[in-house]
file coords.pdb (PDB, C-alpha atoms)
ATOM      1  CA  MET A   1      88.269 -27.327  49.231
ATOM      2  CA  ASN A   2      90.739 -24.472  48.694
ATOM      3  CA  LEU A   3      89.853 -20.782  48.587
ATOM      4  CA  ARG A   4      89.600 -20.709  44.795
ATOM      5  CA  GLU A   5      87.091 -23.581  44.841
ATOM      6  CA  GLN A   6      85.128 -22.001  47.680
ATOM      7  CA  LEU A   7      84.829 -18.754  45.737
ATOM      8  CA  HIS A   8      83.767 -20.609  42.617
ATOM      9  CA  LEU A   9      81.100 -22.447  44.600
ATOM     10  CA  ALA A  10      79.908 -19.194  46.195
ATOM     11  CA  LEU A  11      79.601 -17.554  42.762
ATOM     12  CA  LEU A  12      77.685 -20.489  41.322
ATOM     13  CA  THR A  13      75.370 -20.500  44.348
ATOM     14  CA  GLY A  14      74.739 -16.788  43.834
ATOM     15  CA  ILE A  15      73.967 -17.186  40.132
ATOM     16  CA  SER A  16      71.718 -20.139  40.886
ATOM     17  CA  LEU A  17      69.813 -18.199  43.569
ATOM     18  CA  VAL A  18      69.341 -15.233  41.238
ATOM     19  CA  LEU A  19      67.965 -17.538  38.536
ATOM     20  CA  PHE A  20      65.622 -19.036  41.127
ATOM     21  CA  LEU A  21      64.360 -15.593  42.174
ATOM     22  CA  VAL A  22      64.047 -14.323  38.582
ATOM     23  CA  GLU A  23      62.011 -17.384  37.695
ATOM     24  CA  GLY A  24      59.617 -16.487  40.490
ATOM     25  CA  LEU A  25      58.905 -13.202  38.684
ATOM     26  CA  ILE A  26      58.046 -14.839  35.369
ATOM     27  CA  PRO A  27      54.362 -15.700  35.205
ATOM     28  CA  VAL A  28      53.964 -19.280  33.992
ATOM     29  CA  PRO A  29      50.688 -21.110  33.438
ATOM     30  CA  PHE A  30      49.789 -23.459  36.264
ATOM     31  CA  ILE A  31      50.047 -27.015  34.974
ATOM     32  CA  ALA A  32      50.290 -29.165  38.081
ATOM     33  CA  PRO A  33      51.200 -28.599  41.735
ATOM     34  CA  GLY A  34      54.965 -28.188  41.935
ATOM     35  CA  ALA A  35      55.658 -27.977  38.190
ATOM     36  CA  LYS A  36      58.035 -25.186  37.186
ATOM     37  CA  LEU A  37      60.874 -24.386  34.809
ATOM     38  CA  GLY A  38      63.694 -24.851  37.281
ATOM     39  CA  LEU A  39      66.057 -22.325  35.702
ATOM     40  CA  ALA A  40      68.334 -22.535  38.743
ATOM     41  CA  ASN A  41      69.136 -26.094  37.714
ATOM     42  CA  ILE A  42      71.078 -24.846  34.693
ATOM     43  CA  VAL A  43      73.750 -24.086  37.284
ATOM     44  CA  THR A  44      73.245 -27.474  38.968
ATOM     45  CA  VAL A  45      73.838 -29.365  35.732
ATOM     46  CA  TYR A  46      76.775 -27.130  34.808
ATOM     47  CA  ALA A  47      78.294 -27.730  38.245
ATOM     48  CA  LEU A  48      77.806 -31.496  37.976
ATOM     49  CA  TYR A  49      79.826 -31.498  34.759
ATOM     50  CA  THR A  50      82.551 -29.040  35.743
ATOM     51  CA  LEU A  51      83.179 -29.271  39.491
ATOM     52  CA  PRO A  52      85.651 -31.991  40.487
ATOM     53  CA  ARG A  53      83.597 -33.718  43.212
ATOM     54  CA  LEU A  54      79.994 -34.780  43.668
ATOM     55  CA  ARG A  55      79.859 -33.185  47.107
ATOM     56  CA  ASP A  56      80.683 -29.748  45.605
ATOM     57  CA  THR A  57      77.444 -29.874  43.617
ATOM     58  CA  ALA A  58      75.597 -31.266  46.654
ATOM     59  CA  TRP A  59      76.784 -28.194  48.611
ATOM     60  CA  LEU A  60      75.610 -25.923  45.801
ATOM     61  CA  ILE A  61      72.111 -27.437  45.889
ATOM     62  CA  PHE A  62      71.964 -27.380  49.681
ATOM     63  CA  LEU A  63      73.059 -23.732  49.940
ATOM     64  CA  ARG A  64      70.776 -22.518  47.149
ATOM     65  CA  THR A  65      67.770 -24.383  48.552
ATOM     66  CA  LEU A  66      68.464 -23.074  52.045
ATOM     67  CA  LEU A  67      68.811 -19.475  50.831
ATOM     68  CA  ALA A  68      65.726 -19.851  48.610
ATOM     69  CA  ALA A  69      63.772 -20.944  51.696
ATOM     70  CA  PHE A  70      64.780 -17.687  53.435
ATOM     71  CA  PHE A  71      63.654 -15.702  50.395
ATOM     72  CA  GLY A  72      60.077 -16.789  50.777
ATOM     73  CA  GLY A  73      59.753 -20.554  50.562
ATOM     74  CA  GLY A  74      59.683 -21.527  54.212
ATOM     75  CA  PRO A  75      60.549 -24.821  55.913
ATOM     76  CA  THR A  76      57.984 -26.984  54.074
ATOM     77  CA  ILE A  77      59.149 -25.870  50.645
ATOM     78  CA  PHE A  78      62.746 -26.399  51.779
ATOM     79  CA  LEU A  79      62.013 -30.014  52.651
ATOM     80  CA  PHE A  80      60.496 -30.694  49.211
ATOM     81  CA  SER A  81      63.200 -28.915  47.287
ATOM     82  CA  ILE A  82      66.047 -30.586  49.133
ATOM     83  CA  ALA A  83      64.521 -34.057  48.661
ATOM     84  CA  GLY A  84      63.920 -33.387  44.962
ATOM     85  CA  GLY A  85      67.304 -31.750  44.496
ATOM     86  CA  MET A  86      69.313 -34.505  46.135
ATOM     87  CA  LEU A  87      67.471 -37.393  44.445
ATOM     88  CA  SER A  88      67.880 -35.546  41.160
ATOM     89  CA  LEU A  89      71.614 -34.994  41.742
ATOM     90  CA  LEU A  90      72.179 -38.616  42.716
ATOM     91  CA  SER A  91      70.431 -40.006  39.645
ATOM     92  CA  MET A  92      72.160 -37.539  37.302
ATOM     93  CA  TRP A  93      75.541 -38.400  38.828
ATOM     94  CA  LEU A  94      74.953 -42.142  38.395
ATOM     95  CA  LEU A  95      73.805 -41.717  34.778
ATOM     96  CA  LYS A  96      76.710 -39.413  33.979
ATOM     97  CA  ARG A  97      79.180 -41.971  35.374
ATOM     98  CA  THR A  98      77.943 -44.651  32.949
ATOM     99  CA  GLY A  99      79.200 -42.472  30.097
ATOM    100  CA  HIS A 100      76.361 -43.512  27.779
ATOM    101  CA  PHE A 101      74.245 -40.375  27.987
ATOM    102  CA  SER A 102      74.559 -36.778  26.791
ATOM    103  CA  ILE A 103      74.011 -33.774  29.070
ATOM    104  CA  PRO A 104      70.360 -33.165  27.980
ATOM    105  CA  GLY A 105      69.529 -36.848  28.547
ATOM    106  CA  VAL A 106      71.053 -36.833  32.024
ATOM    107  CA  SER A 107      69.295 -33.558  32.802
ATOM    108  CA  ALA A 108      65.916 -34.953  31.645
ATOM    109  CA  ALA A 109      66.318 -37.822  34.113
ATOM    110  CA  GLY A 110      67.256 -35.235  36.734
ATOM    111  CA  GLY A 111      64.035 -33.301  36.090
ATOM    112  CA  PHE A 112      62.018 -36.479  36.451
ATOM    113  CA  ALA A 113      63.842 -37.509  39.644
ATOM    114  CA  HIS A 114      63.313 -34.016  41.100
ATOM    115  CA  HIS A 115      59.534 -34.410  40.903
ATOM    116  CA  LEU A 116      59.711 -38.003  42.112
ATOM    117  CA  GLY A 117      61.666 -36.907  45.196
ATOM    118  CA  GLN A 118      59.178 -34.108  45.896
ATOM    119  CA  LEU A 119      56.243 -36.482  45.518
ATOM    120  CA  PHE A 120      57.786 -38.942  47.980
ATOM    121  CA  VAL A 121      58.090 -36.200  50.603
ATOM    122  CA  ALA A 122      54.626 -34.827  49.797
ATOM    123  CA  ALA A 123      53.062 -38.303  49.998
ATOM    124  CA  TRP A 124      54.807 -38.822  53.327
ATOM    125  CA  ALA A 125      53.776 -35.394  54.662
ATOM    126  CA  ALA A 126      50.183 -35.710  53.455
ATOM    127  CA  ASP A 127      50.072 -39.381  54.464
ATOM    128  CA  THR A 128      48.506 -40.538  51.190
ATOM    129  CA  VAL A 129      49.981 -42.392  48.225
ATOM    130  CA  ASN A 130      47.250 -40.799  46.112
ATOM    131  CA  LEU A 131      49.549 -37.827  45.453
ATOM    132  CA  PHE A 132      51.404 -40.092  43.023
ATOM    133  CA  ARG A 133      48.442 -39.598  40.711
ATOM    134  CA  TYR A 134      50.194 -36.353  39.767
ATOM    135  CA  LEU A 135      53.239 -38.284  38.544
ATOM    136  CA  PRO A 136      52.088 -38.644  34.905
ATOM    137  CA  VAL A 137      51.799 -34.857  34.527
ATOM    138  CA  LEU A 138      54.686 -33.908  36.802
ATOM    139  CA  GLY A 139      57.064 -36.590  35.513
ATOM    140  CA  ILE A 140      56.560 -35.582  31.896
ATOM    141  CA  CYS A 141      56.864 -31.873  32.781
ATOM    142  CA  GLY A 142      60.135 -32.743  34.520
ATOM    143  CA  ILE A 143      61.445 -34.603  31.477
ATOM    144  CA  ILE A 144      60.620 -31.694  29.142
ATOM    145  CA  THR A 145      62.011 -28.929  31.366
ATOM    146  CA  GLY A 146      64.995 -31.154  32.202
ATOM    147  CA  LEU A 147      65.764 -31.547  28.499
ATOM    148  CA  ALA A 148      65.583 -27.801  27.916
ATOM    149  CA  ILE A 149      67.760 -27.084  30.971
ATOM    150  CA  GLY A 150      70.221 -29.738  29.782
ATOM    151  CA  VAL A 151      70.517 -28.188  26.319
ATOM    152  CA  LEU A 152      71.294 -24.795  27.887
ATOM    153  CA  ALA A 153      73.770 -26.277  30.371
ATOM    154  CA  ALA A 154      75.515 -28.215  27.583
ATOM    155  CA  LYS A 155      75.875 -24.994  25.602
ATOM    156  CA  ILE A 156      77.379 -23.219  28.617
ATOM    157  CA  CYS A 157      79.777 -26.123  29.294
ATOM    158  CA  GLN A 158      80.856 -25.951  25.649
ATOM    159  CA  LEU A 159      81.405 -22.164  25.748
ATOM    160  CA  THR A 160      83.433 -22.259  28.967
ATOM    161  CA  ALA A 161      85.401 -25.430  28.180
ATOM    162  CA  HIS A 162      88.576 -23.688  26.956
ATOM    163  CA  LYS A 163      89.015 -21.718  30.173
TER     164      LYS A 163
ATOM    165  CA  MET B   1      72.955 -33.690  20.438
ATOM    166  CA  LEU B   2      70.818 -36.555  21.796
ATOM    167  CA  LYS B   3      72.321 -40.025  21.583
ATOM    168  CA  LYS B   4      70.408 -43.253  21.056
ATOM    169  CA  ALA B   5      70.864 -44.085  24.745
ATOM    170  CA  ASP B   6      69.213 -40.754  25.650
ATOM    171  CA  ILE B   7      66.129 -41.584  23.600
ATOM    172  CA  VAL B   8      65.834 -44.982  25.324
ATOM    173  CA  LEU B   9      66.275 -43.311  28.722
ATOM    174  CA  ILE B  10      63.599 -40.704  27.995
ATOM    175  CA  ALA B  11      61.182 -43.370  26.723
ATOM    176  CA  LEU B  12      61.721 -45.344  29.952
ATOM    177  CA  LEU B  13      61.139 -42.220  32.050
ATOM    178  CA  ILE B  14      57.865 -41.494  30.235
ATOM    179  CA  CYS B  15      56.737 -45.077  30.915
ATOM    180  CA  ALA B  16      57.659 -44.653  34.591
ATOM    181  CA  SER B  17      55.637 -41.413  34.687
ATOM    182  CA  LEU B  18      52.557 -43.145  33.327
ATOM    183  CA  LEU B  19      52.791 -46.048  35.792
ATOM    184  CA  PRO B  20      50.344 -44.547  38.365
ATOM    185  CA  LEU B  21      47.600 -44.538  35.704
ATOM    186  CA  PHE B  22      47.674 -48.344  35.715
ATOM    187  CA  VAL B  23      48.326 -48.829  39.425
ATOM    188  CA  PHE B  24      45.431 -46.668  40.631
ATOM    189  CA  GLY B  25      42.826 -47.634  38.027
ATOM    190  CA  LYS B  26      39.401 -46.006  37.758
ATOM    191  CA  PRO B  27      36.903 -46.404  40.631
ATOM    192  CA  THR B  28      33.185 -45.603  40.399
ATOM    193  CA  ALA B  29      31.485 -45.882  43.842
ATOM    194  CA  ALA B  30      29.892 -42.973  45.763
ATOM    195  CA  VAL B  31      32.503 -40.536  46.977
ATOM    196  CA  TYR B  32      33.077 -38.229  49.932
ATOM    197  CA  ALA B  33      35.670 -35.602  50.738
ATOM    198  CA  GLU B  34      37.777 -35.947  53.846
ATOM    199  CA  ILE B  35      39.307 -32.753  55.241
ATOM    200  CA  ARG B  36      42.314 -33.427  57.436
ATOM    201  CA  GLN B  37      44.578 -31.067  59.295
ATOM    202  CA  ASP B  38      47.758 -32.244  60.990
ATOM    203  CA  GLY B  39      46.549 -35.836  60.549
ATOM    204  CA  LYS B  40      43.195 -35.272  62.290
ATOM    205  CA  VAL B  41      39.949 -35.519  60.330
ATOM    206  CA  LEU B  42      38.115 -32.188  60.631
ATOM    207  CA  GLU B  43      35.129 -33.065  58.523
ATOM    208  CA  THR B  44      33.851 -35.525  55.954
ATOM    209  CA  ILE B  45      31.431 -34.359  53.293
ATOM    210  CA  GLU B  46      29.346 -36.527  50.995
ATOM    211  CA  LEU B  47      30.050 -35.334  47.472
ATOM    212  CA  THR B  48      27.954 -37.742  45.457
ATOM    213  CA  GLY B  49      24.519 -36.143  45.153
ATOM    214  CA  HIS B  50      25.649 -32.904  46.829
ATOM    215  CA  THR B  51      23.850 -29.850  45.460
ATOM    216  CA  GLY B  52      24.234 -26.152  46.131
ATOM    217  CA  SER B  53      27.353 -24.527  47.521
ATOM    218  CA  ARG B  54      28.847 -24.222  50.947
ATOM    219  CA  GLU B  55      32.001 -22.611  52.310
ATOM    220  CA  ILE B  56      34.104 -23.885  55.196
ATOM    221  CA  PRO B  57      36.779 -21.644  56.709
ATOM    222  CA  VAL B  58      39.708 -23.451  58.307
ATOM    223  CA  THR B  59      42.195 -21.769  60.599
ATOM    224  CA  CYS B  60      45.317 -23.064  62.253
ATOM    225  CA  LYS B  61      48.223 -21.923  64.377
ATOM    226  CA  HIS B  62      51.518 -22.123  62.507
ATOM    227  CA  ASP B  63      54.787 -20.702  63.824
ATOM    228  CA  SER B  64      52.701 -18.692  66.319
ATOM    229  CA  ARG B  65      50.681 -16.908  63.648
ATOM    230  CA  GLU B  66      47.169 -17.578  62.414
ATOM    231  CA  CYS B  67      46.743 -19.191  59.039
ATOM    232  CA  HIS B  68      43.608 -19.449  56.955
ATOM    233  CA  ASN B  69      42.177 -21.542  54.175
ATOM    234  CA  LEU B  70      38.720 -21.229  52.699
ATOM    235  CA  ILE B  71      37.211 -24.424  51.329
ATOM    236  CA  ARG B  72      34.281 -24.301  48.947
ATOM    237  CA  ILE B  73      32.026 -27.174  47.973
ATOM    238  CA  GLU B  74      29.991 -26.566  44.882
ATOM    239  CA  ASN B  75      27.701 -29.391  43.805
ATOM    240  CA  GLU B  76      29.922 -32.458  43.583
ATOM    241  CA  LYS B  77      33.241 -30.615  43.538
ATOM    242  CA  ILE B  78      35.438 -29.315  46.322
ATOM    243  CA  ALA B  79      38.181 -26.684  46.132
ATOM    244  CA  ILE B  80      40.314 -24.420  48.268
ATOM    245  CA  ILE B  81      39.464 -20.939  47.029
ATOM    246  CA  GLU B  82      41.464 -18.772  49.413
ATOM    247  CA  ALA B  83      44.679 -19.349  51.324
ATOM    248  CA  ASP B  84      47.387 -17.275  52.945
ATOM    249  CA  CYS B  85      50.161 -19.841  52.586
ATOM    250  CA  PRO B  86      53.311 -18.734  50.722
ATOM    251  CA  ASP B  87      52.932 -20.843  47.564
ATOM    252  CA  ARG B  88      49.122 -21.095  47.226
ATOM    253  CA  ILE B  89      49.507 -24.391  45.392
ATOM    254  CA  CYS B  90      46.266 -25.576  47.042
ATOM    255  CA  VAL B  91      44.290 -22.751  45.404
ATOM    256  CA  HIS B  92      45.929 -23.310  42.015
ATOM    257  CA  THR B  93      45.142 -27.029  42.154
ATOM    258  CA  GLY B  94      41.494 -26.093  41.518
ATOM    259  CA  ALA B  95      38.359 -28.133  42.131
ATOM    260  CA  ILE B  96      38.519 -31.902  42.569
ATOM    261  CA  SER B  97      35.798 -34.539  42.482
ATOM    262  CA  GLN B  98      37.324 -37.919  41.554
ATOM    263  CA  PRO B  99      38.288 -40.576  44.118
ATOM    264  CA  GLY B 100      41.980 -40.387  44.938
ATOM    265  CA  GLU B 101      42.332 -36.745  43.991
ATOM    266  CA  VAL B 102      44.023 -34.631  46.612
ATOM    267  CA  ILE B 103      44.342 -30.954  47.378
ATOM    268  CA  ALA B 104      47.230 -30.369  49.707
ATOM    269  CA  CYS B 105      48.157 -27.176  51.525
ATOM    270  CA  LEU B 106      51.317 -28.574  53.028
ATOM    271  CA  PRO B 107      52.516 -25.395  54.766
ATOM    272  CA  HIS B 108      49.266 -25.511  56.760
ATOM    273  CA  LYS B 109      49.227 -29.333  56.953
ATOM    274  CA  LEU B 110      45.751 -29.253  55.400
ATOM    275  CA  ILE B 111      44.753 -32.124  53.134
ATOM    276  CA  ILE B 112      41.497 -32.670  51.272
ATOM    277  CA  GLU B 113      41.205 -36.133  49.838
ATOM    278  CA  ILE B 114      38.359 -37.653  47.845
ATOM    279  CA  LYS B 115      37.571 -41.168  48.984
ATOM    280  CA  GLU B 116      34.996 -43.751  47.991
ATOM    281  CA  HIS B 117      32.817 -45.838  50.296
TER     282      HIS B 117
END
call {"tool": "encode", "arguments": {"input": "coords.pdb", "output": "structure tokens"}}
result
Amino acid sequence: MNLREQLHLALLTGISLVLFLVEGLIPVPFIAPGAKLGLANIVTVYALYTLPRLRDTAWLIFLRTLLAAFFGGGPTIFLFSIAGGMLSLLSMWLLKRTGHFSIPGVSAAGGFAHHLGQLFVAAWAADTVNLFRYLPVLGICGIITGLAIGVLAAKICQLTAHK
Amino acid sequence: MLKKADIVLIALLICASLLPLFVFGKPTAAVYAEIRQDGKVLETIELTGHTGSREIPVTCKHDSRECHNLIRIENEKIAIIEADCPDRICVHTGAISQPGEVIACLPHKLIIEIKEH
């Protein structure tokens, strides 16, 4: 990674963290434990489609999640977010590679995978598979927010494409 | 913007989301609530036929500071009504009463699970 790429990654991490913190200030109705908009993932999806390597985006997620934990999440939240984030990234990357899906479609799968990853860690931490009973609500929330995030990310990719 | 493949993908994801509904089914026997902290059972409370209300404070040591949760049982429902964890997801989860339902305060390693006999 050269200096230019490092700076780009640092900027994206910063933007992503700000989006994460801003989202915390917006009051949203409580739907299910762990469900949220995930505005910071606009940057994740954008990075997946514009950065040259998968590991660049993995770094972005890791750094943002780590910093978010310092800003008031704590170690438990970090564990959930990193599991969700990485499973989400992996599934989006695989789907993107097939070339059959558009950005919103890939992002919807990412939203779903994010909740699935979190539920796996939660079920492991709480030692009960019963937490998967939240999957119908959480999974569908993830698909909807993922779609919306994907539409925004696609728009941003389109607007920045000529640069 | 969405391609045909996207629609198929989303339909599959929705089906995957709904899978637990079929796996877990709908049980009917008498139920009790099990309160666990750090894997140890603190208390079990019969919920079926429970009347009146009762509050149980739970404290724990976490990163060398005290942490608190207040559990409330009202008739056949149980909820965490107060907590000083950072996300307060346990409080937002609300009252539960059906077998298999879980309230988890993961920062405090506190789990309430409804089980059937």
call {"tool": "interface_residues", "arguments": {"input": "coords.pdb", "of": "chain B", "to": "chain A", "cutoff": "7 Å", "atoms": "all atoms listed in the file", "output": "ChimeraX atom specification"}}
result
/B:2-3,5-6,14,17-18,20,86,89,92-93,100-102,106-107,111
call {"tool": "atom_distance", "arguments": {"input": "coords.pdb", "atom1": "atom CA of Leu152 of chain A", "atom2": "atom CA of Ile42 of chain A"}}
result
6.8 Å
call {"tool": "closest_residue", "arguments": {"input": "coords.pdb", "among": "A:Ala153, A:Leu66, A:Ala35, A:Val43", "to": "Leu11 of chain A", "atoms": "only C-alpha atoms"}}
result
A:Val43
call {"tool": "atom_distance", "arguments": {"input": "coords.pdb", "atom1": "atom CA of Gly99 of chain A", "atom2": "atom CA of Leu87 of chain A"}}
result
19.2 Å
call {"tool": "residues_around", "arguments": {"input": "coords.pdb", "residues": "Ile71 of chain B", "least_positions_apart": "3", "cutoff": "6 Å", "atoms": "all atoms listed in the file", "output": "PyMOL selection string"}}
result
chain B and resi 55-56+79-81
call {"tool": "atom_distance", "arguments": {"input": "coords.pdb", "atom1": "atom CA of Tyr49 of chain A", "atom2": "atom CA of Cys15 of chain B"}}
result
27.1 Å
call {"tool": "build_atoms", "arguments": {"input": "coords.pdb", "residues": "segment 107-120 of chain A", "atoms": "N, CA, C and O atoms", "output": "PDB file, keeping the file's coordinate frame"}}
result
ATOM      1  N   SER A 107      70.083 -34.617  32.188  1.00  0.00           N
ATOM      2  CA  SER A 107      69.295 -33.558  32.802  1.00  0.00           C
ATOM      3  C   SER A 107      67.796 -33.887  32.790  1.00  0.00           C
ATOM      4  O   SER A 107      67.072 -33.570  33.738  1.00  0.00           O
ATOM      5  N   ALA A 108      67.329 -34.550  31.716  1.00  0.00           N
ATOM      6  CA  ALA A 108      65.916 -34.953  31.645  1.00  0.00           C
ATOM      7  C   ALA A 108      65.595 -35.924  32.775  1.00  0.00           C
ATOM      8  O   ALA A 108      64.557 -35.800  33.449  1.00  0.00           O
ATOM      9  N   ALA A 109      66.505 -36.876  33.010  1.00  0.00           N
ATOM     10  CA  ALA A 109      66.318 -37.822  34.113  1.00  0.00           C
ATOM     11  C   ALA A 109      66.342 -37.076  35.446  1.00  0.00           C
ATOM     12  O   ALA A 109      65.596 -37.404  36.374  1.00  0.00           O
ATOM     13  N   GLY A 110      67.189 -36.049  35.525  1.00  0.00           N
ATOM     14  CA  GLY A 110      67.256 -35.235  36.734  1.00  0.00           C
ATOM     15  C   GLY A 110      65.945 -34.523  37.007  1.00  0.00           C
ATOM     16  O   GLY A 110      65.474 -34.464  38.142  1.00  0.00           O
ATOM     17  N   GLY A 111      65.327 -33.983  35.954  1.00  0.00           N
ATOM     18  CA  GLY A 111      64.035 -33.301  36.090  1.00  0.00           C
ATOM     19  C   GLY A 111      62.956 -34.247  36.577  1.00  0.00           C
ATOM     20  O   GLY A 111      62.155 -33.911  37.451  1.00  0.00           O
ATOM     21  N   PHE A 112      62.970 -35.455  36.034  1.00  0.00           N
ATOM     22  CA  PHE A 112      62.018 -36.479  36.451  1.00  0.00           C
ATOM     23  C   PHE A 112      62.242 -36.840  37.924  1.00  0.00           C
ATOM     24  O   PHE A 112      61.298 -36.859  38.723  1.00  0.00           O
ATOM     25  N   ALA A 113      63.509 -37.089  38.274  1.00  0.00           N
ATOM     26  CA  ALA A 113      63.842 -37.509  39.644  1.00  0.00           C
ATOM     27  C   ALA A 113      63.494 -36.412  40.654  1.00  0.00           C
ATOM     28  O   ALA A 113      63.111 -36.694  41.781  1.00  0.00           O
ATOM     29  N   HIS A 114      63.635 -35.134  40.219  1.00  0.00           N
ATOM     30  CA  HIS A 114      63.313 -34.016  41.100  1.00  0.00           C
ATOM     31  C   HIS A 114      61.850 -34.095  41.538  1.00  0.00           C
ATOM     32  O   HIS A 114      61.525 -33.996  42.719  1.00  0.00           O
ATOM     33  N   HIS A 115      60.967 -34.310  40.581  1.00  0.00           N
ATOM     34  CA  HIS A 115      59.534 -34.410  40.903  1.00  0.00           C
ATOM     35  C   HIS A 115      59.222 -35.662  41.707  1.00  0.00           C
ATOM     36  O   HIS A 115      58.378 -35.644  42.592  1.00  0.00           O
ATOM     37  N   LEU A 116      59.927 -36.753  41.380  1.00  0.00           N
ATOM     38  CA  LEU A 116      59.711 -38.003  42.112  1.00  0.00           C
ATOM     39  C   LEU A 116      60.086 -37.808  43.586  1.00  0.00           C
ATOM     40  O   LEU A 116      59.324 -38.200  44.491  1.00  0.00           O
ATOM     41  N   GLY A 117      61.224 -37.168  43.821  1.00  0.00           N
ATOM     42  CA  GLY A 117      61.666 -36.907  45.196  1.00  0.00           C
ATOM     43  C   GLY A 117      60.662 -36.051  45.950  1.00  0.00           C
ATOM     44  O   GLY A 117      60.311 -36.326  47.102  1.00  0.00           O
ATOM     45  N   GLN A 118      60.161 -34.992  45.273  1.00  0.00           N
ATOM     46  CA  GLN A 118      59.178 -34.108  45.896  1.00  0.00           C
ATOM     47  C   GLN A 118      57.899 -34.867  46.219  1.00  0.00           C
ATOM     48  O   GLN A 118      57.304 -34.680  47.274  1.00  0.00           O
ATOM     49  N   LEU A 119      57.479 -35.725  45.295  1.00  0.00           N
ATOM     50  CA  LEU A 119      56.243 -36.482  45.518  1.00  0.00           C
ATOM     51  C   LEU A 119      56.386 -37.442  46.694  1.00  0.00           C
ATOM     52  O   LEU A 119      55.433 -37.624  47.457  1.00  0.00           O
ATOM     53  N   PHE A 120      57.577 -38.047  46.842  1.00  0.00           N
ATOM     54  CA  PHE A 120      57.786 -38.942  47.980  1.00  0.00           C
ATOM     55  C   PHE A 120      57.607 -38.178  49.287  1.00  0.00           C
ATOM     56  O   PHE A 120      56.912 -38.632  50.196  1.00  0.00           O
TER      57      PHE A 120
END
